[in-house]
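With mmCIF, C-alpha atoms and all ligand atoms inside, this is model.cif:
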data_final
loop_
_atom_site.label_atom_id
_atom_site.label_comp_id
_atom_site.auth_asym_id
_atom_site.auth_seq_id
_atom_site.Cartn_x
_atom_site.Cartn_y
_atom_site.Cartn_z
CA MET S 424 26.12 30.39 -60.96
CA THR S 425 26.11 27.42 -63.30
CA TYR S 426 24.32 24.11 -62.93
CA LEU S 427 25.94 22.61 -66.05
CA ALA S 428 27.58 19.24 -65.48
CA LYS S 429 30.74 18.40 -67.42
CA PRO S 430 30.34 15.46 -69.81
CA SER S 431 32.02 12.40 -68.33
CA LEU S 432 32.98 10.90 -71.72
CA HIS S 433 36.37 11.93 -73.13
CA HIS S 434 37.55 11.94 -76.70
CA PRO S 435 39.46 8.64 -77.13
CA SER S 436 42.49 10.34 -78.68
CA LEU S 437 43.22 12.63 -75.71
CA GLN S 438 46.86 12.37 -74.64
CA LYS S 439 47.47 10.26 -71.51
CA ASN S 440 50.23 10.64 -68.93
CA ALA S 441 52.48 7.85 -67.60
CA VAL S 442 49.81 6.61 -65.17
CA GLY S 443 47.15 6.44 -67.89
CA TYR S 444 45.10 9.59 -67.24
CA THR S 445 44.16 12.45 -69.54
CA ARG S 446 44.31 16.05 -68.33
CA ARG S 447 40.51 15.99 -68.18
CA ASP S 448 40.72 13.28 -65.49
CA TYR S 449 42.28 15.89 -63.18
CA GLU S 450 39.49 18.42 -63.59
CA GLY S 451 36.51 18.89 -61.27
CA LYS S 452 33.06 20.41 -61.62
CA VAL S 453 32.30 23.52 -63.69
CA SER S 454 33.39 26.56 -61.64
CA THR S 455 30.69 28.81 -60.18
CA LEU S 456 33.15 31.67 -59.48
CA CYS S 457 32.93 35.06 -61.25
CA ALA S 458 34.26 35.04 -64.82
CA GLY S 459 37.86 36.30 -64.65
CA CYS S 460 38.44 35.39 -60.96
CA GLY S 461 42.12 34.61 -60.42
CA HIS S 462 41.21 31.53 -58.39
CA ASP S 463 40.06 29.66 -61.53
CA SER S 464 43.53 30.08 -63.09
CA ILE S 465 45.10 28.57 -59.96
CA SER S 466 42.75 25.56 -60.24
CA GLY S 467 43.95 25.17 -63.84
CA ALA S 468 47.58 25.31 -62.70
CA ILE S 469 46.98 22.61 -60.05
CA VAL S 470 45.36 20.37 -62.70
CA GLN S 471 48.30 20.92 -65.05
CA ALA S 472 50.94 20.23 -62.38
CA CYS S 473 49.32 17.00 -61.13
CA TRP S 474 48.81 15.72 -64.68
CA GLN S 475 52.38 16.54 -65.71
CA LEU S 476 53.82 14.89 -62.59
CA ASP S 477 51.84 11.67 -63.27
CA ILE S 478 50.15 11.76 -59.87
CA ALA S 479 47.21 9.36 -59.73
CA PRO S 480 44.20 11.43 -58.58
CA HIS S 481 43.32 8.98 -55.78
CA ARG S 482 46.75 9.63 -54.20
CA VAL S 483 45.78 13.26 -53.43
CA ALA S 484 43.83 14.67 -50.47
CA LYS S 485 42.67 18.27 -50.98
CA LEU S 486 41.52 20.26 -47.97
CA SER S 487 40.18 23.78 -47.63
CA GLY S 488 38.33 26.19 -45.32
CA ILE S 489 35.61 28.70 -46.25
CA GLY S 490 35.67 31.36 -48.96
CA CYS S 491 35.57 31.56 -52.77
CA SER S 492 39.15 30.22 -52.73
CA SER S 493 38.15 27.38 -50.42
CA LYS S 494 35.35 26.40 -52.80
CA THR S 495 37.84 25.76 -55.61
CA PRO S 496 38.77 22.15 -54.67
CA ASP S 497 35.36 21.30 -56.13
CA TYR S 498 36.65 22.53 -59.50
CA PHE S 499 39.82 20.41 -59.76
CA LEU S 500 40.86 16.82 -59.01
CA GLY S 501 37.29 15.55 -58.92
CA ALA S 502 38.49 11.98 -58.31
CA SER S 503 40.67 12.87 -55.29
CA HIS S 504 39.86 12.79 -51.58
CA GLY S 505 38.46 16.09 -50.32
CA PHE S 506 37.43 17.74 -47.07
CA ASN S 507 35.95 21.22 -46.71
CA THR S 508 36.56 22.27 -43.09
CA VAL S 509 35.05 25.19 -41.18
CA HIS S 510 36.53 28.67 -41.66
CA GLY S 511 40.27 28.83 -40.89
CA ARG S 512 40.53 25.26 -39.60
CA MET S 513 41.97 23.53 -42.66
CA PRO S 514 45.58 23.33 -41.31
CA SER S 515 44.71 21.31 -38.20
CA VAL S 516 42.45 18.92 -40.12
CA LEU S 517 45.18 18.50 -42.74
CA THR S 518 47.76 17.85 -40.00
CA GLY S 519 45.59 15.14 -38.47
CA ALA S 520 44.91 13.47 -41.82
CA ASN S 521 48.59 13.59 -42.70
CA LEU S 522 49.59 11.97 -39.39
CA ALA S 523 47.04 9.19 -39.92
CA ASN S 524 48.13 8.43 -43.50
CA ARG S 525 51.43 9.74 -44.82
CA GLU S 526 51.01 7.98 -48.17
CA LEU S 527 48.74 10.66 -49.64
CA LEU S 528 49.81 13.98 -51.09
CA TYR S 529 48.21 16.75 -49.02
CA LEU S 530 47.03 19.85 -50.81
CA GLY S 531 45.68 22.68 -48.62
CA VAL S 532 43.85 25.48 -50.42
CA SER S 533 42.91 28.62 -48.54
CA GLY S 534 42.20 32.33 -48.85
CA ASP S 535 43.91 35.30 -47.24
CA GLY S 536 40.85 35.73 -45.01
CA ASP S 537 40.82 32.03 -44.18
CA SER S 538 44.57 31.86 -43.40
CA ALA S 539 45.60 35.39 -42.31
CA SER S 540 42.50 36.39 -40.31
CA ILE S 541 40.45 33.69 -38.56
CA GLY S 542 42.96 30.91 -39.30
CA LEU S 543 46.23 32.71 -38.55
CA GLY S 544 47.06 30.55 -35.52
CA GLN S 545 46.33 27.39 -37.46
CA PHE S 546 48.50 28.55 -40.37
CA ALA S 547 51.37 29.35 -38.00
CA HIS S 548 51.39 25.97 -36.29
CA ALA S 549 51.17 23.91 -39.48
CA MET S 550 54.22 25.80 -40.81
CA ARG S 551 56.30 25.53 -37.64
CA ARG S 552 55.59 21.81 -37.31
CA GLY S 553 56.80 21.09 -40.82
CA VAL S 554 53.71 19.22 -41.99
CA ARG S 555 54.51 17.83 -45.43
CA MET S 556 51.96 19.52 -47.67
CA VAL S 557 51.42 21.95 -50.49
CA TYR S 558 49.69 24.93 -48.87
CA ILE S 559 48.33 27.45 -51.37
CA VAL S 560 46.83 30.79 -50.32
CA GLU S 561 44.81 32.43 -53.09
CA ASN S 562 45.52 35.98 -52.00
CA ASN S 563 43.19 38.75 -53.23
CA GLY S 564 43.40 41.11 -50.23
CA VAL S 565 39.66 40.87 -49.54
CA TYR S 566 36.97 38.54 -48.25
CA GLY S 567 35.51 37.83 -51.69
CA LEU S 568 32.74 35.51 -50.56
CA THR S 569 31.31 38.03 -48.09
CA LYS S 570 31.45 40.90 -50.60
CA GLY S 571 34.86 42.50 -50.43
CA GLN S 572 35.83 43.61 -46.90
CA PHE S 573 39.62 44.19 -46.52
CA SER S 574 41.46 41.08 -45.35
CA ALA S 575 44.52 41.09 -43.11
CA THR S 576 46.85 40.88 -46.14
CA ALA S 577 45.52 44.12 -47.70
CA ASP S 578 48.27 46.73 -47.96
CA ARG S 579 48.08 49.84 -45.79
CA GLY S 580 46.91 52.71 -47.98
CA SER S 581 45.16 50.52 -50.54
CA VAL S 582 41.68 51.68 -51.42
CA ALA S 583 38.47 49.61 -51.44
CA LYS S 584 36.05 49.63 -54.38
CA LYS S 585 33.80 52.14 -52.61
CA GLY S 586 36.73 54.44 -51.73
CA THR S 587 37.54 53.49 -48.10
CA GLU S 588 41.28 53.44 -47.32
CA ASN S 589 42.87 50.57 -45.41
CA HIS S 590 44.72 51.87 -42.33
CA ASP S 591 45.96 48.54 -40.94
CA THR S 592 49.39 47.06 -41.52
CA ALA S 593 49.35 44.08 -43.89
CA ILE S 594 50.27 40.59 -42.73
CA ASP S 595 52.89 39.25 -45.13
CA LEU S 596 52.25 35.49 -45.25
CA VAL S 597 55.52 34.85 -47.08
CA ALA S 598 57.54 36.60 -44.35
CA LEU S 599 55.57 34.72 -41.69
CA ALA S 600 56.04 31.34 -43.36
CA LEU S 601 59.80 31.98 -43.60
CA GLN S 602 60.04 33.02 -39.98
CA LEU S 603 57.94 30.06 -38.83
CA GLY S 604 60.12 27.48 -40.54
CA ALA S 605 58.39 26.53 -43.79
CA THR S 606 61.04 24.86 -45.95
CA TYR S 607 59.71 25.79 -49.41
CA VAL S 608 58.30 29.30 -49.76
CA ALA S 609 57.16 30.83 -53.03
CA ARG S 610 55.05 33.64 -54.37
CA SER S 611 53.35 33.77 -57.73
CA PHE S 612 50.56 35.43 -59.67
CA SER S 613 47.43 33.71 -60.98
CA GLY S 614 48.04 35.49 -64.30
CA ASP S 615 51.44 33.79 -64.80
CA LYS S 616 50.84 30.07 -65.33
CA ALA S 617 54.30 29.59 -66.81
CA GLN S 618 55.71 30.50 -63.41
CA LEU S 619 52.98 28.99 -61.22
CA VAL S 620 52.83 25.43 -62.61
CA PRO S 621 56.54 24.62 -61.96
CA LEU S 622 56.28 26.23 -58.51
CA ILE S 623 53.40 23.87 -57.65
CA GLU S 624 55.37 20.93 -59.08
CA GLY S 625 58.35 21.88 -56.92
CA ALA S 626 56.10 22.09 -53.86
CA ILE S 627 54.63 18.64 -54.59
CA ARG S 628 58.12 17.14 -54.79
CA HIS S 629 59.32 18.93 -51.67
CA GLY S 630 59.88 16.91 -48.49
CA GLY S 631 58.40 19.32 -45.93
CA ALA S 632 56.04 22.26 -45.44
CA ALA S 633 55.66 24.02 -48.79
CA PHE S 634 53.83 27.32 -48.93
CA ILE S 635 52.82 29.26 -52.06
CA ASP S 636 51.26 32.71 -51.79
CA VAL S 637 49.47 33.28 -55.09
CA ILE S 638 48.20 36.78 -55.80
CA SER S 639 44.80 36.13 -57.29
CA PRO S 640 42.74 39.21 -58.17
CA CYS S 641 39.08 39.39 -57.16
CA VAL S 642 37.42 40.92 -60.22
CA ALA S 643 34.20 41.65 -58.32
CA PHE S 644 35.62 43.60 -55.35
CA ASN S 645 39.34 44.35 -55.65
CA ASN S 646 40.39 44.98 -59.24
CA HIS S 647 40.14 48.79 -59.43
CA ALA S 648 42.67 51.67 -59.42
CA GLY S 649 43.99 52.12 -55.86
CA SER S 650 43.97 48.37 -55.14
CA THR S 651 47.37 46.68 -54.82
CA ARG S 652 45.86 43.28 -55.75
CA SER S 653 44.43 44.23 -59.14
CA TYR S 654 45.63 42.60 -62.38
CA ASP S 655 47.10 45.92 -63.55
CA HIS S 656 48.96 46.65 -60.30
CA VAL S 657 50.45 43.17 -60.03
CA ARG S 658 51.54 43.11 -63.70
CA GLU S 659 53.27 46.48 -63.24
CA HIS S 660 55.07 45.62 -59.97
CA ASN S 661 55.78 41.88 -60.33
CA GLU S 662 59.48 41.00 -60.46
CA ALA S 663 60.32 37.32 -60.95
CA LEU S 664 63.54 36.40 -59.10
CA ASN S 665 64.03 33.00 -60.73
CA ARG S 666 62.43 30.30 -62.87
CA ILE S 667 62.16 26.63 -61.89
CA ASP S 668 63.18 23.79 -64.12
CA PHE S 669 63.64 20.14 -63.11
CA ILE S 670 66.44 17.84 -64.12
CA ASP S 671 66.74 14.15 -63.36
CA LEU S 672 69.71 12.29 -61.98
CA ASP S 673 71.11 11.32 -65.40
CA ALA S 674 71.13 14.88 -66.52
CA GLU S 675 72.77 15.85 -63.22
CA GLN S 676 76.09 14.50 -64.45
CA GLN S 677 76.23 17.08 -67.19
CA ALA S 678 74.49 19.90 -65.36
CA ARG S 679 76.80 21.83 -63.14
CA GLY S 680 75.35 24.88 -61.44
CA ASP S 681 76.96 27.95 -62.93
CA GLU S 682 76.45 31.55 -61.95
CA ALA S 683 73.14 31.69 -63.76
CA GLU S 684 71.64 28.68 -62.04
CA ILE S 685 71.32 26.96 -58.68
CA LEU S 686 70.86 23.18 -58.26
CA VAL S 687 68.84 21.95 -55.28
CA PRO S 688 68.45 18.22 -54.54
CA GLN S 689 64.86 17.08 -53.89
CA ALA S 690 63.44 14.47 -51.49
CA ASP S 691 62.40 12.24 -54.45
CA GLY S 692 65.95 12.09 -55.85
CA THR S 693 65.49 14.61 -58.64
CA GLN S 694 67.27 17.93 -58.83
CA LEU S 695 65.55 21.23 -59.00
CA ARG S 696 67.32 23.71 -61.27
CA LEU S 697 66.66 27.35 -60.65
CA LYS S 698 67.47 29.85 -63.36
CA ARG S 699 68.47 33.05 -61.63
CA LEU S 700 66.79 36.15 -63.00
CA LEU S 701 68.10 38.40 -60.24
CA SER S 702 71.77 37.49 -60.04
CA ASP S 703 72.45 38.14 -56.35
CA TYR S 704 69.39 36.31 -54.98
CA ASP S 705 70.16 32.92 -53.42
CA PRO S 706 66.95 31.14 -52.29
CA THR S 707 68.88 28.60 -50.20
CA ASP S 708 70.21 31.36 -47.91
CA LYS S 709 67.27 32.10 -45.62
CA LEU S 710 68.57 35.16 -43.84
CA ALA S 711 69.74 36.83 -47.03
CA ALA S 712 66.45 35.96 -48.72
CA MET S 713 64.45 37.54 -45.89
CA ASN S 714 66.47 40.76 -46.09
CA HIS S 715 66.33 40.86 -49.85
CA LEU S 716 62.56 40.40 -49.92
CA GLN S 717 61.97 43.14 -47.36
CA ALA S 718 64.21 45.52 -49.30
CA LEU S 719 62.38 44.84 -52.58
CA GLN S 720 58.94 45.07 -50.99
CA SER S 721 59.77 48.40 -49.34
CA GLN S 722 60.31 49.77 -52.87
CA GLY S 723 56.83 48.62 -53.93
CA VAL S 724 58.16 45.62 -55.87
CA ILE S 725 56.23 42.31 -55.65
CA PRO S 726 58.98 39.65 -55.72
CA THR S 727 57.78 36.32 -57.17
CA GLY S 728 59.37 32.93 -57.79
CA LEU S 729 60.91 30.40 -55.42
CA LEU S 730 61.84 32.67 -52.52
CA TYR S 731 63.33 30.05 -50.20
CA VAL S 732 64.04 26.33 -50.28
CA ASP S 733 65.80 24.14 -47.73
CA PRO S 734 67.39 21.18 -49.53
CA GLU S 735 67.55 19.31 -46.21
CA ALA S 736 63.90 19.68 -45.29
CA ARG S 737 62.40 17.10 -42.93
CA ASP S 738 58.78 16.69 -42.00
CA LEU S 739 56.66 16.12 -38.91
CA HIS S 740 56.71 12.33 -39.33
CA ALA S 741 60.52 12.31 -39.13
CA ALA S 742 60.40 14.46 -35.98
CA LEU S 743 57.77 12.31 -34.27
CA LYS S 744 59.15 8.97 -35.56
CA THR S 745 55.67 7.85 -36.52
CA SER S 746 54.57 4.64 -38.16
CA ALA S 747 55.57 4.31 -41.82
CA LYS S 748 52.28 2.52 -42.47
CA PRO S 749 48.96 4.38 -42.54
CA LEU S 750 47.20 3.88 -39.19
CA ASN S 751 44.26 2.08 -40.78
CA GLN S 752 46.64 -0.61 -42.08
CA LEU S 753 48.15 -1.46 -38.70
CA ALA S 754 47.20 -4.86 -37.30
CA GLU S 755 45.99 -5.36 -33.72
CA ALA S 756 49.41 -6.61 -32.57
CA GLU S 757 51.03 -3.33 -33.72
CA LEU S 758 48.27 -1.18 -32.25
CA CYS S 759 48.20 -2.99 -28.92
CA PRO S 760 51.74 -4.16 -28.00
CA GLY S 761 50.59 -5.80 -24.74
CA SER S 762 50.26 -5.15 -21.00
CA ALA S 763 53.95 -5.77 -20.22
CA LEU S 764 54.96 -2.82 -22.39
CA LEU S 765 52.22 -0.67 -20.86
CA ASP S 766 53.47 -1.53 -17.35
CA LYS S 767 56.99 -0.59 -18.39
CA LEU S 768 55.79 2.72 -19.83
CA ASN S 769 53.77 3.53 -16.71
CA ALA S 770 56.75 2.69 -14.50
CA SER S 771 58.97 5.04 -16.51
CA LEU S 772 56.56 7.90 -15.81
CA ARG S 773 56.44 7.44 -12.03
C1 LIG S 801 33.33 31.28 -38.27
C2 LIG S 801 32.99 32.10 -39.49
N1 LIG S 801 33.18 33.44 -39.47
C3 LIG S 801 32.90 34.17 -40.56
C4 LIG S 801 32.42 33.58 -41.68
C5 LIG S 801 32.07 34.44 -42.89
N2 LIG S 801 33.04 34.29 -43.96
C6 LIG S 801 32.84 33.41 -44.95
S1 LIG S 801 34.07 33.41 -46.07
C7 LIG S 801 34.89 34.63 -45.24
C8 LIG S 801 36.21 35.20 -45.72
C9 LIG S 801 36.62 34.70 -47.05
O1 LIG S 801 37.78 35.37 -47.46
P1 LIG S 801 39.02 34.61 -48.07
O2 LIG S 801 39.43 33.47 -47.22
O3 LIG S 801 40.06 35.62 -48.36
O4 LIG S 801 38.46 33.96 -49.40
P2 LIG S 801 37.96 34.61 -50.77
O5 LIG S 801 36.46 34.52 -50.72
O6 LIG S 801 38.45 36.01 -50.87
O7 LIG S 801 38.57 33.72 -51.80
C10 LIG S 801 34.20 35.01 -44.09
C11 LIG S 801 34.64 36.05 -43.16
C12 LIG S 801 32.25 32.17 -41.68
N3 LIG S 801 31.83 31.50 -42.76
N4 LIG S 801 32.53 31.45 -40.57
S1 LIG S 802 33.76 37.43 -55.47
FE1 LIG S 802 35.89 37.73 -56.03
S2 LIG S 802 36.99 35.96 -55.13
FE2 LIG S 802 34.78 35.46 -55.21
S3 LIG S 802 34.49 34.40 -57.16
FE3 LIG S 802 34.03 36.56 -57.52
S4 LIG S 802 35.99 37.41 -58.24
FE4 LIG S 802 36.46 35.44 -57.25
#

Give the structure from this file in structure tokens form.
Ligand SMILES: Cc1ncc(C[n+]2csc(CCOP(=O)(O)OP(=O)(O)O)c2C)c(N)n1
Ligand code: SF4
Amino acid sequence: MTYLAKPSLHHPSLQKNAVGYTRRDYEGKVSTLCAGCGHDSISGAIVQACWQLDIAPHRVAKLSGIGCSSKTPDYFLGASHGFNTVHGRMPSVLTGANLANRELLYLGVSGDGDSASIGLGQFAHAMRRGVRMVYIVENNGVYGLTKGQFSATADRGSVAKKGTENHDTAIDLVALALQLGATYVARSFSGDKAQLVPLIEGAIRHGGAAFIDVISPCVAFNNHAGSTRSYDHVREHNEALNRIDFIDLDAEQQARGDEAEILVPQADGTQLRLKRLLSDYDPTDKLAAMNHLQALQSQGVIPTGLLYVDPEARDLHAALKTSAKPLNQLAEAELCPGSALLDKLNASLR
């Protein structure tokens, strides 16, 4: 536990991004997590992605539940909006906030206990409704905060630090998110920032529900031999399927997708270029992707990268035809259209 506060003064020569902020402006408080916890690397990747994408910190709302992972929003984007919900309830609070104000970028941070155990129903409904958000699960296979019990994502047959074997079938959040209709689904590893940062950038630019399952080892309770979420196990079994790169519209003219790459248009007008590492994997073909992932996972491989993306993704606001303006900016005339309209509405329901 540290009580050190970060100095608020920055060196004047620190590099600024296009909206005038240094990378330090995207940081939060000093982390109180265990040294070596994967979650801290994910916080670093979020900072890097938001700085590189020139996102003004006050345009972001970060929401979380309960757990070591859910504490992390305190350690990044200190100048953004934040809300720490009760255990497993982040998705519904995020959905409500998003419906009230669509102008912010919603970042949901959760743990495998928070999302796959107590919050599983909440996770499912946020995905199937297509809430536009970046939803990151920091997946370590245990409840780190409460001292290392198996979570619902722990693999059957994996062994706890004190030798107990897990007999339950694992919930695969990636498979669930795909089945439930998430339109951007990725998996990464906290130890691979070169892969994780572009995946977060892609999720930020995506126009619908974006889910990233990040394997994030818990060094205190799940980093031993026999664990399938340890640094060693993930490094040995990780197979990246592709690498993300972004190209803008000007470059699009020259860039034609060849066999080694796939071009996917994004909601913000840019193009996402995917370098294929596994030649027969097409992340825009959902059914094939689901089959491919299951086949790889049954061989003990941990497939990472952008697993699925729907170039035509739409979000909940499009489905509900909601107000383009945040609700707190609507004037009384827009909020209360008058008794004649109410009478008409009532009559239509009789
Ligand atoms: C309603 C409720 N039930 C149980 C708990 C106890 N609890 C706190 S955190 C946690 C699980 C945390 O695991 P995870 O979400 O995987 O996060 P990690 O700490 O591993 O990052 C549990 C069960 C709680 N805080 N509230
Ligand atoms: S207990 Fe585990 S998850 Fe929690 S901070 Fe320590 S290493 Fe990270």

Please put the answer as lines of an AutoDock Vina configuration file: centre and edge lengths, in Å with one decimal, of a box along x, y and z that encloses all listed atoms of ligand LIG 801 (chain S) plus 5 Å on each side.
center_x = 35.9
center_y = 33.7
center_z = -45.0
size_x = 18.2
size_y = 14.8
size_z = 23.5

Point to revise | Point (69.6, 22.8, -54.2), cut-off 8 Å, counting only C-alpha atoms, residues as an MDAnalysis selection string | key: chainID S and resid 685:689 694:696 707 732:734

Write to file, as an mmCIF file, keeping the file's coordinate frame, the residues of the selection just made, with C-alpha atoms.
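As written to disk, out-v7.cif reads:
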data_model
loop_
_atom_site.group_PDB
_atom_site.id
_atom_site.type_symbol
_atom_site.label_atom_id
_atom_site.label_comp_id
_atom_site.auth_asym_id
_atom_site.auth_seq_id
_atom_site.Cartn_x
_atom_site.Cartn_y
_atom_site.Cartn_z
ATOM 1 C CA ILE S 685 71.320 26.960 -58.680
ATOM 2 C CA LEU S 686 70.860 23.180 -58.260
ATOM 3 C CA VAL S 687 68.840 21.950 -55.280
ATOM 4 C CA PRO S 688 68.450 18.220 -54.540
ATOM 5 C CA GLN S 689 64.860 17.080 -53.890
ATOM 6 C CA GLN S 694 67.270 17.930 -58.830
ATOM 7 C CA LEU S 695 65.550 21.230 -59.000
ATOM 8 C CA ARG S 696 67.320 23.710 -61.270
ATOM 9 C CA THR S 707 68.880 28.600 -50.200
ATOM 10 C CA VAL S 732 64.040 26.330 -50.280
ATOM 11 C CA ASP S 733 65.800 24.140 -47.730
ATOM 12 C CA PRO S 734 67.390 21.180 -49.530
#

Exercise for review: Tell me, as a ChimeraX atom specification, which residues lie within 12 Å of S:Val483, counting all atoms listed in the file; anything in the same chain fewer than 6 positions away does not count.
Suggested key: /S:449,469-470,473-474,477,496,499-506,517,520-521,524-531,556-557,627

Review point. Of the residues S:Ser464, S:Gln717, S:Gln618, S:Thr693, which is the one nearest to ligand LIG 802 (chain S), using only C-alpha atoms and all ligand atoms?
Key: S:Ser464

Exercise for review: Show me which residues sit within 8 Å of ligand LIG 802 (chain S) when counting all atoms listed in the file, and put them as a list in words.
Suggested key: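 For ligand LIG 802 (chain S), the residues inside 8 Å are Thr455, Leu456, Cys457, Ala458, Gly459, Cys460, Gly461, His462, Gly490, Cys491, Ser492, Asn563, Val565, Tyr566, Gly567, Leu568, Thr569, Lys570, Gly571, Pro640, Cys641, Val642, Ala643, Phe644 and Asn645 of chain S.
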